[in-house]
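Chemist: Please find my_file-v9.cif (mmCIF, C-alpha atoms) on the next line:
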```cif
data_query
#
loop_
_atom_site.label_atom_id
_atom_site.label_comp_id
_atom_site.auth_asym_id
_atom_site.auth_seq_id
_atom_site.Cartn_x
_atom_site.Cartn_y
_atom_site.Cartn_z
CA MET G 3 -9.53 3.94 60.14
CA PHE G 4 -7.42 6.44 62.04
CA ASP G 5 -3.89 6.72 60.67
CA PRO G 6 -1.26 8.47 62.84
CA ALA G 7 0.48 9.52 59.60
CA SER G 8 -2.54 11.71 58.82
CA LEU G 9 -1.65 14.10 61.66
CA LYS G 10 0.46 17.20 61.11
CA TYR G 11 3.88 16.97 62.68
CA ASP G 12 6.44 19.74 63.07
CA ALA G 13 9.83 19.84 61.35
CA SER G 14 11.14 17.35 63.96
CA GLY G 15 8.27 14.94 63.29
CA LEU G 16 6.56 15.79 66.58
CA ILE G 17 3.07 16.83 67.69
CA PRO G 18 2.18 18.32 71.09
CA ALA G 19 0.03 16.10 73.31
CA ILE G 20 -1.89 17.56 76.25
CA ALA G 21 -2.64 15.06 79.01
CA GLN G 22 -5.89 15.72 80.88
CA ASP G 23 -7.27 13.75 83.82
CA ALA G 24 -10.33 12.02 82.37
CA ASP G 25 -12.25 12.27 85.63
CA SER G 26 -11.33 15.62 87.17
CA GLY G 27 -10.58 17.51 83.94
CA GLU G 28 -7.29 18.72 85.39
CA VAL G 29 -4.62 19.44 82.78
CA LEU G 30 -1.66 17.37 83.95
CA MET G 31 1.18 18.00 81.48
CA MET G 32 2.12 18.61 77.89
CA ALA G 33 4.69 16.50 76.07
CA TRP G 34 5.46 15.45 72.52
CA MET G 35 4.65 12.43 70.38
CA ASN G 36 5.82 11.24 67.01
CA ALA G 37 3.70 9.03 64.75
CA GLU G 38 5.05 5.86 66.31
CA SER G 39 4.31 7.14 69.86
CA VAL G 40 0.73 7.79 68.80
CA ALA G 41 0.48 4.28 67.36
CA ARG G 42 2.01 2.70 70.48
CA THR G 43 -0.26 4.71 72.79
CA LEU G 44 -3.33 3.47 70.93
CA LYS G 45 -2.09 -0.09 70.70
CA THR G 46 -0.91 -0.52 74.28
CA GLY G 47 -3.26 1.82 76.15
CA ARG G 48 -0.20 3.21 77.94
CA VAL G 49 0.50 6.82 77.05
CA THR G 50 3.85 6.92 75.26
CA TYR G 51 5.59 10.17 74.42
CA TRP G 52 8.80 10.94 72.56
CA SER G 53 11.46 12.36 74.84
CA ARG G 54 13.19 15.20 73.02
CA SER G 55 16.03 15.30 75.56
CA ARG G 56 16.69 11.55 75.44
CA GLN G 57 15.60 11.11 71.79
CA ALA G 58 13.78 7.96 72.79
CA PHE G 59 10.29 6.63 73.40
CA TRP G 60 9.03 7.57 76.82
CA VAL G 61 6.40 5.25 78.24
CA LYS G 62 5.09 7.60 80.91
CA GLY G 63 5.66 6.10 84.35
CA GLU G 64 7.90 3.30 83.10
CA SER G 65 10.51 4.06 85.73
CA SER G 66 8.46 6.05 88.28
CA GLY G 67 5.34 3.90 88.20
CA HIS G 68 3.31 7.05 87.55
CA VAL G 69 1.69 5.61 84.45
CA GLN G 70 -1.02 7.13 82.32
CA GLU G 71 -3.72 4.75 81.17
CA LEU G 72 -5.28 5.97 77.94
CA VAL G 73 -8.99 6.72 78.16
CA GLU G 74 -9.38 8.55 74.86
CA LEU G 75 -7.23 10.25 72.23
CA ARG G 76 -8.63 13.38 70.59
CA VAL G 77 -7.36 15.35 67.60
CA ASP G 78 -7.84 19.09 67.11
CA CYS G 79 -9.34 20.84 64.08
CA ASP G 80 -5.94 21.53 62.50
CA ARG G 81 -4.73 17.98 63.23
CA ASP G 82 -1.58 19.46 64.77
CA CYS G 83 -2.33 18.95 68.46
CA LEU G 84 -3.57 16.01 70.54
CA LEU G 85 -5.62 15.86 73.71
CA VAL G 86 -5.03 12.66 75.65
CA LEU G 87 -7.59 11.81 78.32
CA VAL G 88 -5.91 9.64 80.92
CA ARG G 89 -6.19 7.87 84.23
CA GLN G 90 -3.07 9.06 86.03
CA THR G 91 -1.45 6.92 88.69
CA GLY G 92 0.26 9.18 91.24
CA PRO G 93 1.65 12.58 90.28
CA ALA G 94 2.13 13.44 86.62
CA CYS G 95 4.98 15.87 87.24
CA HIS G 96 8.58 14.84 87.86
CA THR G 97 8.54 17.26 90.83
CA ASN G 98 5.99 14.91 92.42
CA ARG G 99 3.12 17.33 91.97
CA ARG G 100 -0.15 16.13 90.51
CA SER G 101 0.18 18.52 87.54
CA CYS G 102 3.15 20.26 85.90
CA PHE G 103 1.18 23.52 85.90
CA TYR G 104 1.69 24.33 89.58
CA THR G 105 2.93 27.88 89.11
CA ALA G 106 0.37 30.65 88.68
CA VAL G 107 1.03 34.26 87.79
CA ARG G 108 -0.98 36.39 90.21
CA GLU G 109 -0.73 40.16 90.43
CA GLY G 110 2.48 40.02 88.44
CA ALA G 111 4.21 37.46 90.67
CA GLU G 112 4.74 33.71 90.47
CA VAL G 113 2.88 31.71 93.10
CA GLU G 114 3.15 27.97 93.74
CA ILE G 115 -0.39 26.67 93.99
CA MET G 116 0.28 22.96 94.42
CA GLU G 117 2.30 20.94 96.91
CA PRO G 118 4.31 17.85 96.03
CA VAL G 119 2.42 14.63 96.85
CA GLU G 120 3.73 12.83 99.97
CA MET Q 30 7.92 39.84 89.45
CA PHE Q 31 7.01 37.54 86.60
CA ASP Q 32 9.04 38.23 83.48
CA PRO Q 33 7.80 36.72 80.17
CA ALA Q 34 11.45 36.61 79.04
CA SER Q 35 12.11 34.01 81.75
CA LEU Q 36 10.03 31.42 79.86
CA LYS Q 37 11.61 28.95 77.44
CA TYR Q 38 10.69 29.63 73.84
CA ASP Q 39 11.37 27.43 70.83
CA ALA Q 40 13.66 28.33 67.94
CA SER Q 41 10.90 30.56 66.53
CA GLY Q 42 10.52 32.38 69.85
CA LEU Q 43 7.20 30.66 70.60
CA ILE Q 44 5.70 28.76 73.52
CA PRO Q 45 2.57 26.56 73.36
CA ALA Q 46 -0.42 27.89 75.30
CA ILE Q 47 -3.29 25.59 76.25
CA ALA Q 48 -6.61 27.36 76.78
CA GLN Q 49 -8.87 25.74 79.36
CA ASP Q 50 -12.36 26.85 80.36
CA ALA Q 51 -11.90 28.13 83.92
CA ASP Q 52 -15.34 26.96 85.00
CA SER Q 53 -15.93 23.65 83.20
CA GLY Q 54 -12.31 22.52 82.89
CA GLU Q 55 -12.84 21.79 79.20
CA VAL Q 56 -9.68 22.09 77.09
CA LEU Q 57 -10.68 24.51 74.35
CA MET Q 58 -7.65 24.90 72.08
CA MET Q 59 -3.90 25.13 71.85
CA ALA Q 60 -2.12 28.00 70.15
CA TRP Q 61 1.23 29.77 70.38
CA MET Q 62 2.50 32.87 72.14
CA ASN Q 63 5.71 34.83 71.98
CA ALA Q 64 7.03 36.89 74.89
CA GLU Q 65 5.12 39.98 73.78
CA SER Q 66 1.83 37.99 73.48
CA VAL Q 67 2.32 36.79 77.04
CA ALA Q 68 2.92 40.37 78.20
CA ARG Q 69 -0.12 41.67 76.30
CA THR Q 70 -2.34 38.88 77.63
CA LEU Q 71 -1.39 39.74 81.20
CA LYS Q 72 -1.67 43.49 80.66
CA THR Q 73 -4.99 43.54 78.80
CA GLY Q 74 -6.73 40.47 80.24
CA ARG Q 75 -7.60 39.48 76.66
CA VAL Q 76 -5.85 36.30 75.58
CA THR Q 77 -3.49 37.20 72.75
CA TYR Q 78 -1.68 34.56 70.72
CA TRP Q 79 0.87 34.83 67.93
CA SER Q 80 -0.53 33.62 64.63
CA ARG Q 81 2.13 31.55 62.90
CA SER Q 82 0.25 31.63 59.58
CA ARG Q 83 -0.29 35.40 59.61
CA GLN Q 84 2.91 36.20 61.54
CA ALA Q 85 0.95 38.69 63.59
CA PHE Q 86 -0.54 39.12 67.03
CA TRP Q 87 -3.89 37.39 67.31
CA VAL Q 88 -6.22 38.84 69.91
CA LYS Q 89 -8.53 35.85 70.20
CA GLY Q 90 -12.05 36.83 69.10
CA GLU Q 91 -10.99 40.21 67.73
CA SER Q 92 -12.89 39.58 64.50
CA SER Q 93 -15.29 36.79 65.57
CA GLY Q 94 -16.26 38.23 68.94
CA HIS Q 95 -15.34 34.89 70.50
CA VAL Q 96 -13.00 36.45 72.99
CA GLN Q 97 -11.13 34.79 75.81
CA GLU Q 98 -11.02 36.70 79.07
CA LEU Q 99 -7.96 35.75 81.09
CA VAL Q 100 -8.72 34.21 84.46
CA GLU Q 101 -5.23 32.92 85.26
CA LEU Q 102 -1.96 32.18 83.51
CA ARG Q 103 0.01 29.14 84.69
CA VAL Q 104 3.52 28.02 83.81
CA ASP Q 105 4.70 24.42 83.74
CA CYS Q 106 7.67 22.91 85.57
CA ASP Q 107 9.96 23.23 82.55
CA ARG Q 108 8.76 26.78 81.83
CA ASP Q 109 8.18 25.74 78.21
CA CYS Q 110 4.38 25.45 78.18
CA LEU Q 111 1.55 27.68 79.39
CA LEU Q 112 -1.92 26.86 80.69
CA VAL Q 113 -4.33 29.73 80.22
CA LEU Q 114 -7.55 29.58 82.23
CA VAL Q 115 -10.18 31.59 80.41
CA ARG Q 116 -13.79 32.68 80.24
CA GLN Q 117 -14.67 31.87 76.65
CA THR Q 118 -17.37 33.83 74.85
CA GLY Q 119 -19.02 31.59 72.24
CA PRO Q 120 -17.14 28.75 70.57
CA ALA Q 121 -13.34 28.63 70.79
CA CYS Q 122 -12.91 26.79 67.49
CA HIS Q 123 -13.05 28.43 64.06
CA THR Q 124 -15.41 25.58 63.03
CA ASN Q 125 -17.89 27.05 65.53
CA ARG Q 126 -17.49 24.20 67.97
CA ARG Q 127 -16.95 24.91 71.63
CA SER Q 128 -13.54 23.17 71.58
CA CYS Q 129 -11.06 22.40 68.81
CA PHE Q 130 -10.75 18.84 70.16
CA TYR Q 131 -14.01 17.56 68.71
CA THR Q 132 -12.58 14.47 67.01
CA ALA Q 133 -12.09 11.34 69.10
CA VAL Q 134 -10.34 8.14 68.07
CA ARG Q 135 -12.61 5.27 69.10
CA GLU Q 136 -12.00 1.65 68.17
CA GLY Q 137 -9.51 2.80 65.57
CA ALA Q 138 -11.86 5.24 63.82
CA GLU Q 139 -12.33 9.01 63.99
CA VAL Q 140 -15.63 10.10 65.52
CA GLU Q 141 -16.97 13.64 65.75
CA ILE Q 142 -18.15 14.12 69.31
CA MET Q 143 -19.21 17.78 69.20
CA GLU Q 144 -21.66 19.72 67.05
CA PRO Q 145 -21.07 23.27 65.84
CA VAL Q 146 -22.86 25.84 68.01
CA GLU Q 147 -26.00 27.30 66.38
#
```
Could you show the structure in this file as structure tokens?

Modeler:
Amino acid sequence: MFDPASLKYDASGLIPAIAQDADSGEVLMMAWMNAESVARTLKTGRVTYWSRSRQAFWVKGESSGHVQELVELRVDCDRDCLLVLVRQTGPACHTNRRSCFYTAVREGAEVEIMEPVE
Amino acid sequence: MFDPASLKYDASGLIPAIAQDADSGEVLMMAWMNAESVARTLKTGRVTYWSRSRQAFWVKGESSGHVQELVELRVDCDRDCLLVLVRQTGPACHTNRRSCFYTAVREGAEVEIMEPVE
């Protein structure tokens, strides 16, 4: 059996979780989970982070409707990072862009490569 | 101009960097960079992390030959996470697997979904 307590958490009890679109492969965002977020994500099928700013569970999309349905949770070789394959409803980013990684560094300058969704 | 000092680093001066295969979209690994690693990565085109265990710069593949050629660096909306698009030579993982995320949680159990490369 998989036990969330078997993962390696940082001094704050958190582990980074990378959300990737299960179909397109696009990396959508990175946020943090604690052991209970991991357990809730697996149990409910709704990706649930730990908000460091609010110090509270963060069921992604709970207020915005931009939920992440869990497709598969993966653990890395060091057990200190998670890859979460998801089906993303709407944009993942709070700026209304599909992904949080919408700024590229090209020839030494920052370029916005993604528009907010209508 | 892009200034690595404009990113948000944690208390140890580090920022997580997600390496993604620029062609396949596969998420290969997650490691950490400091401002100087970011600068070196951009300058040399060789992805350069900061090894927390060795407390030293880590030019990926320097000893193994499994280098990562930088295709594009991207910054997230909060400026506290990087996405590094790379051309990966050989396996990215020290276990000789293509990706570090070779363990999936399926029906409550851990399953290895990737073989080491020959």

Chemist: Under the PyMOL selection byres ((chain G) within 9 of (chain Q)), which residues of this model are included? Write them out as number ranges by chain.

Modeler: G: 3-5, 18, 20, 22, 26-29, 31-32, 44, 74-80, 83-85, 95-97, 101-112

Chemist: Translate the PyMOL selection byres ((chain G and resi 57-61) around 12) into a concrete residue list for this structure, as a PDB file with C-alpha atoms, in the coordinates of the input.

Modeler:
```
ATOM      1  CA  SER G  14      11.140  17.350  63.960  1.00  0.00           C
ATOM      2  CA  GLY G  15       8.270  14.940  63.290  1.00  0.00           C
ATOM      3  CA  LEU G  16       6.560  15.790  66.580  1.00  0.00           C
ATOM      4  CA  ALA G  33       4.690  16.500  76.070  1.00  0.00           C
ATOM      5  CA  TRP G  34       5.460  15.450  72.520  1.00  0.00           C
ATOM      6  CA  MET G  35       4.650  12.430  70.380  1.00  0.00           C
ATOM      7  CA  ASN G  36       5.820  11.240  67.010  1.00  0.00           C
ATOM      8  CA  ALA G  37       3.700   9.030  64.750  1.00  0.00           C
ATOM      9  CA  GLU G  38       5.050   5.860  66.310  1.00  0.00           C
ATOM     10  CA  SER G  39       4.310   7.140  69.860  1.00  0.00           C
ATOM     11  CA  VAL G  40       0.730   7.790  68.800  1.00  0.00           C
ATOM     12  CA  ALA G  41       0.480   4.280  67.360  1.00  0.00           C
ATOM     13  CA  ARG G  42       2.010   2.700  70.480  1.00  0.00           C
ATOM     14  CA  THR G  43      -0.260   4.710  72.790  1.00  0.00           C
ATOM     15  CA  THR G  46      -0.910  -0.520  74.280  1.00  0.00           C
ATOM     16  CA  GLY G  47      -3.260   1.820  76.150  1.00  0.00           C
ATOM     17  CA  ARG G  48      -0.200   3.210  77.940  1.00  0.00           C
ATOM     18  CA  VAL G  49       0.500   6.820  77.050  1.00  0.00           C
ATOM     19  CA  THR G  50       3.850   6.920  75.260  1.00  0.00           C
ATOM     20  CA  TYR G  51       5.590  10.170  74.420  1.00  0.00           C
ATOM     21  CA  TRP G  52       8.800  10.940  72.560  1.00  0.00           C
ATOM     22  CA  SER G  53      11.460  12.360  74.840  1.00  0.00           C
ATOM     23  CA  ARG G  54      13.190  15.200  73.020  1.00  0.00           C
ATOM     24  CA  SER G  55      16.030  15.300  75.560  1.00  0.00           C
ATOM     25  CA  ARG G  56      16.690  11.550  75.440  1.00  0.00           C
ATOM     26  CA  LYS G  62       5.090   7.600  80.910  1.00  0.00           C
ATOM     27  CA  GLY G  63       5.660   6.100  84.350  1.00  0.00           C
ATOM     28  CA  GLU G  64       7.900   3.300  83.100  1.00  0.00           C
ATOM     29  CA  SER G  65      10.510   4.060  85.730  1.00  0.00           C
ATOM     30  CA  SER G  66       8.460   6.050  88.280  1.00  0.00           C
ATOM     31  CA  GLY G  67       5.340   3.900  88.200  1.00  0.00           C
ATOM     32  CA  HIS G  68       3.310   7.050  87.550  1.00  0.00           C
ATOM     33  CA  VAL G  69       1.690   5.610  84.450  1.00  0.00           C
ATOM     34  CA  GLN G  70      -1.020   7.130  82.320  1.00  0.00           C
ATOM     35  CA  GLU G  71      -3.720   4.750  81.170  1.00  0.00           C
ATOM     36  CA  LEU G  72      -5.280   5.970  77.940  1.00  0.00           C
TER      37      LEU G  72
END
```

Chemist: If I take atom CA of Asp25 of chain G and atom CA of Asn125 of chain Q, how far is one from the other in Å, to one decimal?

Modeler: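 One can read the atom CA of Asp25 of chain G to atom CA of Asn125 of chain Q distance as 25.6 Å.
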
Chemist: Output, as JSON, the centre and edge lengths in Å (one decimal) of the axis-aligned box that contains all listed atoms of segment 40-57 of chain Q with 3 Å of margin on each side.

Modeler:
```
{"center_x": -1.1, "center_y": 27.1, "center_z": 75.8, "size_x": 35.6, "size_y": 16.6, "size_z": 24.5}
```

Chemist: Have a look at atom CA of Tyr11 of chain G and atom CA of Tyr38 of chain Q and let me know their distance in Å, one decimal.

Modeler: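 So the two atoms, atom CA of Tyr11 of chain G and atom CA of Tyr38 of chain Q, lie 18.2 Å apart.
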